[in-house]
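One structure is given below, encoded as structure tokens.
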Amino acid sequence: MRVFTRLKEQEAMISNVTQLPQDLQTNEFQLMGERVIAWITRYLGDVEYPLLPHIQPGELAAMFPNTPPQQGVSAEHLFELFETIAKNCTHWSSGRFMGYFGLGPSAIGVLFQALEACLNQTRMLWATSPAATELEQVTLGWIRDLLGLPPMFGMLHTNSRVDLALVAALESRGDISKNGLTGMPRFCCYASTEAHGANEKAMVSVGLGKKNLRRITVDEDYQMDPSALRRAIEKDIKAGCVPLMVIATIGTTSTTSIDPVPQIADICEHYGLWLHVDAAYAGLFAIDPEMRWILNGCERADSFTTNPHKTLFTRFGHSIFYIKNPELLKSAFRSRQSAYLMHGSTEGAVDLYDYTDKIPHGFPALTLWMTIEYFGVEGIIERLREQRRLAHLFETWIEEDTQFELMAPTPLSVVCFRVRPHGMENGREINALNMRLMKAINDQGRYFISDTVVGGKCLLRVAIGNIKTSEEDVRGLWEQLKSLLDAEMATVLASHRA
Ligand SMILES: Cc1ncc(COP(=O)(O)O)c(C=O)c1O
């Protein structure tokens, strides 16, 4: 009797299981997969939406209900909802997107991202993904050697990690990871006025405080002034502060200027300071032997960051962090407090979680490795040269047109310029005109550019970096820029007459 009841119970459980909501079945997956690939093919071919969506804050949220659906919807319906979402994205993947840093994934990279999603790896311990751990070491070793950097331990993160450099630098000054900063002197760090805001945020994250990041003045080419750096360090020492780290930038975000690393390295050596190089945007240009000079002196850095997602057509979230002495990070972060990690390590293997504060999820090296395999080093060099060629072409047009002026050197693939029509002398009026011009371009939706402010002047930035950006795109942008300027000037003249 008891056996009979149990059988009945088991039967009921089995029928419940078959009524459970199911994931896509193989044939549905195949069909949806074809639709998704068709969508991606069209999108990567040419983005049909305005690059900057015509939408106001809150408008997208209002298209969705306040509560989630109680019953699931079909994959078909989901796909229709996705169209609404996609339409309202900013379309970085278009070759006509030339704002901020132009970046977009390669088509082959998109396919490998699907494979990455399907493998669903995490690099907590070597054993949780031997392939993701080791392919990362192999690929970052290739890149380090291509850049001419000395032996350094590399790891991929989703963002550039100045905070890791700060943790390591602090660890080199004592057992700070164990005891914290209480009782320690006031540490201060140095970066140019043009260095990225991420440096300040990192100061906050590690508890040093943004006030203790000294901003060093730059020369007329926006490069850190080494003598100003030396003066700032001396001043801090006299005031009882302890200089800890200098952050040199290779390729600043506004104008892509290149700090003089050899002189900065001399200063770091003299005062015993940690040298971190932020080459987030520009570093990988040095894969090209012609451009190796941009990393002069970087072999002396204690740590170094560069972002493949800015130059090597991988998706957002690929940042390499190299460090000469990874044991400092290990000493700060290695923890086997969690019982489930107690016996996880494998003799002779690297457990990446030991070198960082968060579990390193994902298999980012897969697309990075694939990019190098697929294009080859020569292919990558050609593509990087093309980015520079297109930027220099645009630069030439600016130089030849007397209504425009270049506002910074163009060492790489970002052109900084502004419109300055004859007879317009008022700085505010010039700034306002440039902002209106940028808005007009972005509102039209065919091209996208961005701006920056340097020395109180509003500049426009055309950033070439997307793998799909062609000469036709750059010419198209230039034509549109000029015709919108004509329209703006007609309005300005009319308002002066009125
Ligand atoms: C020079 C520089 N450093 C750091 C960053 C921040 O990079 P991430 O997005 O990897 O944190 C940027 C971003 O544009 C940058 O240009």
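FYI, nothing fancy with the structure tokens labels: chains A, B, ... in order, residues from 1 per chain, ligands from 1 as they appear.
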Checklist entry - Which residues sit within 9 Å of ligand 1, counting only C-alpha atoms and all ligand atoms, listed as a ChimeraX atom specification? => result /A:100-101,157-162,194-199,249-254,256,278-282,305-307,309-310,316-320
Restricting the output to C-alpha atoms, write the selected residues as an mmCIF file, in the first residue's frame.
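Just written: again.cif:
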data_model
loop_
_atom_site.group_PDB
_atom_site.id
_atom_site.type_symbol
_atom_site.label_atom_id
_atom_site.label_comp_id
_atom_site.auth_asym_id
_atom_site.auth_seq_id
_atom_site.Cartn_x
_atom_site.Cartn_y
_atom_site.Cartn_z
ATOM 1 C CA TYR A 100 33.521 60.236 -26.905
ATOM 2 C CA PHE A 101 35.782 57.430 -28.115
ATOM 3 C CA HIS A 157 38.551 43.804 -15.568
ATOM 4 C CA THR A 158 35.382 45.482 -16.739
ATOM 5 C CA ASN A 159 36.813 48.957 -16.016
ATOM 6 C CA SER A 160 40.210 50.539 -15.660
ATOM 7 C CA ARG A 161 41.232 49.958 -12.037
ATOM 8 C CA VAL A 162 43.311 52.774 -10.570
ATOM 9 C CA GLU A 194 43.519 66.521 -17.846
ATOM 10 C CA ALA A 195 43.553 63.059 -16.208
ATOM 11 C CA HIS A 196 40.316 61.075 -16.087
ATOM 12 C CA GLY A 197 37.793 61.494 -13.274
ATOM 13 C CA ALA A 198 38.147 57.747 -12.555
ATOM 14 C CA ASN A 199 41.341 58.632 -10.657
ATOM 15 C CA THR A 249 48.066 59.477 -18.788
ATOM 16 C CA ILE A 250 48.847 58.278 -22.282
ATOM 17 C CA GLY A 251 45.918 59.604 -24.277
ATOM 18 C CA THR A 252 43.885 61.919 -22.053
ATOM 19 C CA THR A 253 40.155 61.730 -22.492
ATOM 20 C CA SER A 254 39.575 65.258 -23.774
ATOM 21 C CA THR A 256 44.394 62.467 -26.173
ATOM 22 C CA ASP A 278 46.620 55.192 -17.506
ATOM 23 C CA ALA A 279 46.752 54.310 -21.186
ATOM 24 C CA ALA A 280 43.050 53.392 -21.280
ATOM 25 C CA TYR A 281 42.417 54.837 -24.724
ATOM 26 C CA ALA A 282 45.820 55.147 -26.359
ATOM 27 C CA THR A 305 46.077 50.088 -17.724
ATOM 28 C CA THR A 306 44.789 49.893 -21.267
ATOM 29 C CA ASN A 307 41.305 49.232 -22.645
ATOM 30 C CA HIS A 309 37.210 48.054 -25.780
ATOM 31 C CA LYS A 310 38.440 51.494 -26.832
ATOM 32 C CA PHE A 316 32.476 47.501 -23.561
ATOM 33 C CA GLY A 317 34.015 46.107 -20.407
ATOM 34 C CA HIS A 318 37.476 44.998 -21.502
ATOM 35 C CA SER A 319 40.194 46.697 -19.507
ATOM 36 C CA ILE A 320 43.645 45.257 -18.922
#
Every residue of region 390-469 of chain A that DSSP places in strand (DSSP E), as a short mmCIF file (atom, residue, chain, number, x, y, z; two decimals) with all heavy atoms, in the first residue's frame:
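Final output, out08.cif:
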data_model
loop_
_atom_site.label_atom_id
_atom_site.label_comp_id
_atom_site.auth_asym_id
_atom_site.auth_seq_id
_atom_site.Cartn_x
_atom_site.Cartn_y
_atom_site.Cartn_z
N PHE A 404 37.13 77.17 -39.26
CA PHE A 404 37.37 76.20 -38.19
C PHE A 404 38.77 76.38 -37.66
O PHE A 404 39.66 76.87 -38.37
CB PHE A 404 37.25 74.77 -38.74
CG PHE A 404 35.85 74.38 -39.09
CD1 PHE A 404 35.29 74.73 -40.31
CD2 PHE A 404 35.07 73.62 -38.22
CE1 PHE A 404 34.00 74.36 -40.65
CE2 PHE A 404 33.77 73.25 -38.54
CZ PHE A 404 33.24 73.62 -39.76
N GLU A 405 38.99 75.91 -36.42
CA GLU A 405 40.38 75.86 -35.94
C GLU A 405 40.62 74.60 -35.13
O GLU A 405 39.74 74.13 -34.40
CB GLU A 405 40.77 77.12 -35.17
CG GLU A 405 39.99 77.38 -33.92
CD GLU A 405 40.43 78.68 -33.26
OE1 GLU A 405 41.41 79.31 -33.69
OE2 GLU A 405 39.78 79.08 -32.27
N LEU A 406 41.83 74.05 -35.30
CA LEU A 406 42.24 72.88 -34.51
C LEU A 406 42.56 73.36 -33.11
O LEU A 406 43.18 74.41 -32.95
CB LEU A 406 43.51 72.29 -35.10
CG LEU A 406 43.38 71.24 -36.18
CD1 LEU A 406 44.76 70.83 -36.63
CD2 LEU A 406 42.56 70.04 -35.72
N VAL A 414 41.67 61.08 -32.51
CA VAL A 414 40.62 62.00 -32.05
C VAL A 414 41.01 63.42 -32.48
O VAL A 414 42.14 63.85 -32.21
CB VAL A 414 40.46 61.94 -30.51
CG1 VAL A 414 39.45 62.98 -30.03
CG2 VAL A 414 40.03 60.54 -30.07
N VAL A 415 40.10 64.09 -33.16
CA VAL A 415 40.38 65.46 -33.62
C VAL A 415 39.58 66.43 -32.75
O VAL A 415 38.36 66.29 -32.61
CB VAL A 415 39.97 65.64 -35.10
CG1 VAL A 415 40.43 67.01 -35.60
CG2 VAL A 415 40.53 64.53 -35.97
N CYS A 416 40.30 67.38 -32.14
CA CYS A 416 39.65 68.40 -31.30
C CYS A 416 39.69 69.72 -32.05
O CYS A 416 40.76 70.19 -32.43
CB CYS A 416 40.41 68.57 -29.99
SG CYS A 416 40.29 67.13 -28.96
N PHE A 417 38.54 70.29 -32.25
CA PHE A 417 38.48 71.52 -33.06
C PHE A 417 37.29 72.36 -32.61
O PHE A 417 36.50 71.93 -31.75
CB PHE A 417 38.31 71.15 -34.55
CG PHE A 417 37.01 70.45 -34.84
CD1 PHE A 417 35.93 71.15 -35.38
CD2 PHE A 417 36.83 69.10 -34.54
CE1 PHE A 417 34.72 70.51 -35.63
CE2 PHE A 417 35.62 68.46 -34.78
CZ PHE A 417 34.56 69.16 -35.33
N ARG A 418 37.20 73.54 -33.17
CA ARG A 418 35.98 74.31 -32.95
C ARG A 418 35.73 75.20 -34.16
O ARG A 418 36.62 75.43 -34.98
CB ARG A 418 36.06 75.13 -31.66
CG ARG A 418 37.05 76.25 -31.72
CD ARG A 418 36.94 77.10 -30.47
NE ARG A 418 37.87 78.22 -30.55
CZ ARG A 418 37.91 79.22 -29.69
NH1 ARG A 418 37.09 79.24 -28.67
NH2 ARG A 418 38.78 80.20 -29.84
N VAL A 419 34.51 75.68 -34.22
CA VAL A 419 34.14 76.61 -35.27
C VAL A 419 34.47 77.99 -34.74
O VAL A 419 34.19 78.28 -33.57
CB VAL A 419 32.62 76.54 -35.51
CG1 VAL A 419 32.20 77.58 -36.50
CG2 VAL A 419 32.24 75.16 -35.95
N SER A 450 30.90 64.48 -29.93
CA SER A 450 30.77 64.96 -28.55
C SER A 450 31.67 66.18 -28.35
O SER A 450 32.37 66.61 -29.27
CB SER A 450 31.13 63.85 -27.56
OG SER A 450 32.45 63.43 -27.75
N ASP A 451 31.61 66.72 -27.15
CA ASP A 451 32.33 67.97 -26.89
C ASP A 451 33.21 67.80 -25.67
O ASP A 451 33.14 66.79 -24.97
CB ASP A 451 31.33 69.10 -26.64
CG ASP A 451 30.53 68.84 -25.37
OD1 ASP A 451 30.02 67.71 -25.23
OD2 ASP A 451 30.41 69.73 -24.52
N THR A 452 34.00 68.80 -25.42
CA THR A 452 34.75 68.86 -24.16
C THR A 452 35.07 70.33 -23.91
O THR A 452 34.86 71.18 -24.79
CB THR A 452 36.03 68.01 -24.22
OG1 THR A 452 36.60 67.95 -22.91
CG2 THR A 452 37.08 68.57 -25.18
N VAL A 453 35.55 70.61 -22.72
CA VAL A 453 35.94 71.99 -22.42
C VAL A 453 37.40 71.95 -21.98
O VAL A 453 37.77 71.17 -21.11
CB VAL A 453 35.08 72.57 -21.27
CG1 VAL A 453 35.53 73.99 -20.93
CG2 VAL A 453 33.61 72.55 -21.65
N VAL A 454 38.21 72.75 -22.64
CA VAL A 454 39.61 72.85 -22.23
C VAL A 454 39.94 74.33 -22.12
O VAL A 454 39.71 75.09 -23.07
CB VAL A 454 40.57 72.16 -23.23
CG1 VAL A 454 41.96 72.01 -22.63
CG2 VAL A 454 40.07 70.81 -23.65
N LYS A 457 37.32 76.79 -23.02
CA LYS A 457 36.83 76.81 -24.41
C LYS A 457 36.10 75.51 -24.72
O LYS A 457 36.60 74.43 -24.39
CB LYS A 457 38.00 76.96 -25.38
CG LYS A 457 38.65 78.31 -25.29
CD LYS A 457 39.89 78.37 -26.15
CE LYS A 457 40.58 79.71 -25.97
NZ LYS A 457 41.99 79.65 -26.30
N CYS A 458 34.93 75.64 -25.34
CA CYS A 458 34.19 74.44 -25.75
C CYS A 458 34.78 73.92 -27.06
O CYS A 458 34.90 74.69 -28.02
CB CYS A 458 32.72 74.77 -25.98
SG CYS A 458 31.89 75.20 -24.49
N LEU A 459 35.15 72.67 -27.07
CA LEU A 459 35.68 72.07 -28.29
C LEU A 459 34.76 70.96 -28.75
O LEU A 459 34.07 70.34 -27.95
CB LEU A 459 37.05 71.41 -28.06
CG LEU A 459 38.07 71.97 -27.12
CD1 LEU A 459 39.32 71.13 -27.21
CD2 LEU A 459 38.37 73.39 -27.48
N LEU A 460 34.82 70.68 -30.03
CA LEU A 460 34.11 69.52 -30.56
C LEU A 460 35.14 68.42 -30.79
O LEU A 460 36.31 68.70 -31.09
CB LEU A 460 33.41 69.88 -31.87
CG LEU A 460 32.42 71.05 -31.76
CD1 LEU A 460 31.79 71.34 -33.11
CD2 LEU A 460 31.34 70.74 -30.72
N ARG A 461 34.69 67.19 -30.58
CA ARG A 461 35.62 66.05 -30.74
C ARG A 461 35.06 65.09 -31.77
O ARG A 461 33.90 64.70 -31.67
CB ARG A 461 35.78 65.30 -29.41
CG ARG A 461 36.54 66.04 -28.35
CD ARG A 461 36.43 65.34 -27.01
NE ARG A 461 37.27 64.17 -26.86
CZ ARG A 461 36.89 62.93 -27.04
NH1 ARG A 461 35.67 62.65 -27.41
NH2 ARG A 461 37.73 61.93 -26.86
N VAL A 462 35.89 64.75 -32.74
CA VAL A 462 35.52 63.68 -33.68
C VAL A 462 36.47 62.53 -33.39
O VAL A 462 37.69 62.66 -33.53
CB VAL A 462 35.63 64.16 -35.15
CG1 VAL A 462 35.58 62.98 -36.11
CG2 VAL A 462 34.48 65.12 -35.45
N ALA A 463 35.90 61.43 -32.93
CA ALA A 463 36.72 60.30 -32.49
C ALA A 463 36.52 59.12 -33.43
O ALA A 463 35.41 58.60 -33.56
CB ALA A 463 36.32 59.91 -31.07
#
Item to check | Non-local contacts of region 232-245 of chain A (6 Å; only C-alpha atoms; under 4 positions in same chain excluded) as a list in words | outcome: Arg186, Phe187, Cys188, Cys189, Leu273, Trp274 and Leu275 of chain A
Could those selected residues go to a file with all heavy atoms, as a PDB file, in the first residue's frame?
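File produced: out-v3.pdb:
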ATOM      1  N   ARG A 186      49.119  61.069   6.029  1.00  0.00           N
ATOM      2  CA  ARG A 186      48.214  61.487   4.953  1.00  0.00           C
ATOM      3  C   ARG A 186      48.917  61.281   3.607  1.00  0.00           C
ATOM      4  O   ARG A 186      49.894  61.972   3.285  1.00  0.00           O
ATOM      5  CB  ARG A 186      47.881  62.960   5.169  1.00  0.00           C
ATOM      6  CG  ARG A 186      46.933  63.484   4.151  1.00  0.00           C
ATOM      7  CD  ARG A 186      46.412  64.817   4.615  1.00  0.00           C
ATOM      8  NE  ARG A 186      45.912  65.558   3.483  1.00  0.00           N
ATOM      9  CZ  ARG A 186      45.563  66.821   3.547  1.00  0.00           C
ATOM     10  NH1 ARG A 186      45.677  67.477   4.682  1.00  0.00           N
ATOM     11  NH2 ARG A 186      45.115  67.437   2.483  1.00  0.00           N
ATOM     12  N   PHE A 187      48.423  60.303   2.852  1.00  0.00           N
ATOM     13  CA  PHE A 187      49.036  60.010   1.557  1.00  0.00           C
ATOM     14  C   PHE A 187      48.448  60.922   0.485  1.00  0.00           C
ATOM     15  O   PHE A 187      47.260  61.232   0.510  1.00  0.00           O
ATOM     16  CB  PHE A 187      48.748  58.558   1.148  1.00  0.00           C
ATOM     17  CG  PHE A 187      49.484  57.546   1.984  1.00  0.00           C
ATOM     18  CD1 PHE A 187      48.797  56.714   2.862  1.00  0.00           C
ATOM     19  CD2 PHE A 187      50.866  57.418   1.882  1.00  0.00           C
ATOM     20  CE1 PHE A 187      49.468  55.774   3.624  1.00  0.00           C
ATOM     21  CE2 PHE A 187      51.549  56.483   2.647  1.00  0.00           C
ATOM     22  CZ  PHE A 187      50.854  55.655   3.526  1.00  0.00           C
ATOM     23  N   CYS A 188      49.275  61.319  -0.471  1.00  0.00           N
ATOM     24  CA  CYS A 188      48.697  62.066  -1.587  1.00  0.00           C
ATOM     25  C   CYS A 188      49.228  61.549  -2.924  1.00  0.00           C
ATOM     26  O   CYS A 188      50.312  60.956  -3.004  1.00  0.00           O
ATOM     27  CB  CYS A 188      48.899  63.559  -1.446  1.00  0.00           C
ATOM     28  SG  CYS A 188      50.473  63.985  -0.826  1.00  0.00           S
ATOM     29  N   CYS A 189      48.425  61.743  -3.935  1.00  0.00           N
ATOM     30  CA  CYS A 189      48.736  61.240  -5.275  1.00  0.00           C
ATOM     31  C   CYS A 189      48.657  62.402  -6.270  1.00  0.00           C
ATOM     32  O   CYS A 189      48.129  63.467  -5.940  1.00  0.00           O
ATOM     33  CB  CYS A 189      47.727  60.163  -5.671  1.00  0.00           C
ATOM     34  SG  CYS A 189      47.748  58.770  -4.532  1.00  0.00           S
ATOM     35  N   LEU A 273      58.183  56.879  -5.509  1.00  0.00           N
ATOM     36  CA  LEU A 273      56.728  56.844  -5.673  1.00  0.00           C
ATOM     37  C   LEU A 273      56.296  55.770  -6.670  1.00  0.00           C
ATOM     38  O   LEU A 273      57.034  55.430  -7.591  1.00  0.00           O
ATOM     39  CB  LEU A 273      56.207  58.196  -6.178  1.00  0.00           C
ATOM     40  CG  LEU A 273      56.643  59.440  -5.420  1.00  0.00           C
ATOM     41  CD1 LEU A 273      55.879  60.648  -5.922  1.00  0.00           C
ATOM     42  CD2 LEU A 273      56.413  59.252  -3.937  1.00  0.00           C
ATOM     43  N   TRP A 274      55.107  55.288  -6.472  1.00  0.00           N
ATOM     44  CA  TRP A 274      54.498  54.321  -7.394  1.00  0.00           C
ATOM     45  C   TRP A 274      54.142  55.058  -8.677  1.00  0.00           C
ATOM     46  O   TRP A 274      53.560  56.146  -8.635  1.00  0.00           O
ATOM     47  CB  TRP A 274      53.227  53.761  -6.753  1.00  0.00           C
ATOM     48  CG  TRP A 274      52.596  52.617  -7.503  1.00  0.00           C
ATOM     49  CD1 TRP A 274      51.809  52.703  -8.598  1.00  0.00           C
ATOM     50  CD2 TRP A 274      52.693  51.224  -7.185  1.00  0.00           C
ATOM     51  NE1 TRP A 274      51.395  51.461  -8.991  1.00  0.00           N
ATOM     52  CE2 TRP A 274      51.920  50.527  -8.140  1.00  0.00           C
ATOM     53  CE3 TRP A 274      53.341  50.492  -6.182  1.00  0.00           C
ATOM     54  CZ2 TRP A 274      51.781  49.137  -8.122  1.00  0.00           C
ATOM     55  CZ3 TRP A 274      53.202  49.109  -6.166  1.00  0.00           C
ATOM     56  CH2 TRP A 274      52.441  48.445  -7.128  1.00  0.00           C
ATOM     57  N   LEU A 275      54.469  54.463  -9.819  1.00  0.00           N
ATOM     58  CA  LEU A 275      54.071  55.074 -11.096  1.00  0.00           C
ATOM     59  C   LEU A 275      52.995  54.212 -11.748  1.00  0.00           C
ATOM     60  O   LEU A 275      53.226  53.048 -12.072  1.00  0.00           O
ATOM     61  CB  LEU A 275      55.286  55.207 -12.031  1.00  0.00           C
ATOM     62  CG  LEU A 275      54.971  55.671 -13.464  1.00  0.00           C
ATOM     63  CD1 LEU A 275      54.274  57.032 -13.487  1.00  0.00           C
ATOM     64  CD2 LEU A 275      56.259  55.743 -14.304  1.00  0.00           C
TER      65      LEU A 275
END
Item to check | Test item, alpha helix (DSSP H) assignment across region 208-361 of chain A, answer as an NGL selection string | outcome: :A and (226-238 or 261-271 or 308-311 or 326-333)
Keeping C-alpha atoms for every residue in the selection just given, could you write it to a file as a PDB file, in the first residue's frame?
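Contents of the output file selection_25.pdb:
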ATOM      1  CA  PRO A 226      57.087  67.605 -14.810  1.00  0.00           C
ATOM      2  CA  SER A 227      58.502  70.642 -13.043  1.00  0.00           C
ATOM      3  CA  ALA A 228      55.055  71.447 -11.617  1.00  0.00           C
ATOM      4  CA  LEU A 229      54.849  67.827 -10.460  1.00  0.00           C
ATOM      5  CA  ARG A 230      58.180  68.108  -8.679  1.00  0.00           C
ATOM      6  CA  ARG A 231      57.111  71.332  -7.005  1.00  0.00           C
ATOM      7  CA  ALA A 232      53.832  69.792  -5.809  1.00  0.00           C
ATOM      8  CA  ILE A 233      55.655  66.803  -4.326  1.00  0.00           C
ATOM      9  CA  GLU A 234      58.157  69.048  -2.514  1.00  0.00           C
ATOM     10  CA  LYS A 235      55.334  71.191  -1.160  1.00  0.00           C
ATOM     11  CA  ASP A 236      53.520  68.109   0.192  1.00  0.00           C
ATOM     12  CA  ILE A 237      56.641  66.721   1.828  1.00  0.00           C
ATOM     13  CA  LYS A 238      57.222  70.059   3.548  1.00  0.00           C
ATOM     14  CA  VAL A 261      56.436  59.436 -18.853  1.00  0.00           C
ATOM     15  CA  PRO A 262      60.276  59.300 -18.950  1.00  0.00           C
ATOM     16  CA  GLN A 263      60.552  62.531 -16.919  1.00  0.00           C
ATOM     17  CA  ILE A 264      57.700  61.491 -14.639  1.00  0.00           C
ATOM     18  CA  ALA A 265      59.384  58.103 -14.079  1.00  0.00           C
ATOM     19  CA  ASP A 266      62.608  59.917 -13.074  1.00  0.00           C
ATOM     20  CA  ILE A 267      60.663  61.902 -10.491  1.00  0.00           C
ATOM     21  CA  CYS A 268      58.931  58.760  -9.177  1.00  0.00           C
ATOM     22  CA  GLU A 269      62.279  57.032  -8.874  1.00  0.00           C
ATOM     23  CA  HIS A 270      63.816  59.983  -7.071  1.00  0.00           C
ATOM     24  CA  TYR A 271      61.037  60.198  -4.459  1.00  0.00           C
ATOM     25  CA  PRO A 308      40.834  46.906 -25.619  1.00  0.00           C
ATOM     26  CA  HIS A 309      37.210  48.054 -25.780  1.00  0.00           C
ATOM     27  CA  LYS A 310      38.440  51.494 -26.832  1.00  0.00           C
ATOM     28  CA  THR A 311      40.712  50.464 -29.680  1.00  0.00           C
ATOM     29  CA  PRO A 326      51.230  41.086  -8.248  1.00  0.00           C
ATOM     30  CA  GLU A 327      52.163  39.696  -4.822  1.00  0.00           C
ATOM     31  CA  LEU A 328      51.090  43.052  -3.353  1.00  0.00           C
ATOM     32  CA  LEU A 329      47.566  42.514  -4.649  1.00  0.00           C
ATOM     33  CA  LYS A 330      47.601  38.937  -3.469  1.00  0.00           C
ATOM     34  CA  SER A 331      48.737  40.022  -0.040  1.00  0.00           C
ATOM     35  CA  ALA A 332      45.864  42.547   0.063  1.00  0.00           C
ATOM     36  CA  PHE A 333      43.074  40.422  -1.365  1.00  0.00           C
TER      37      PHE A 333
END
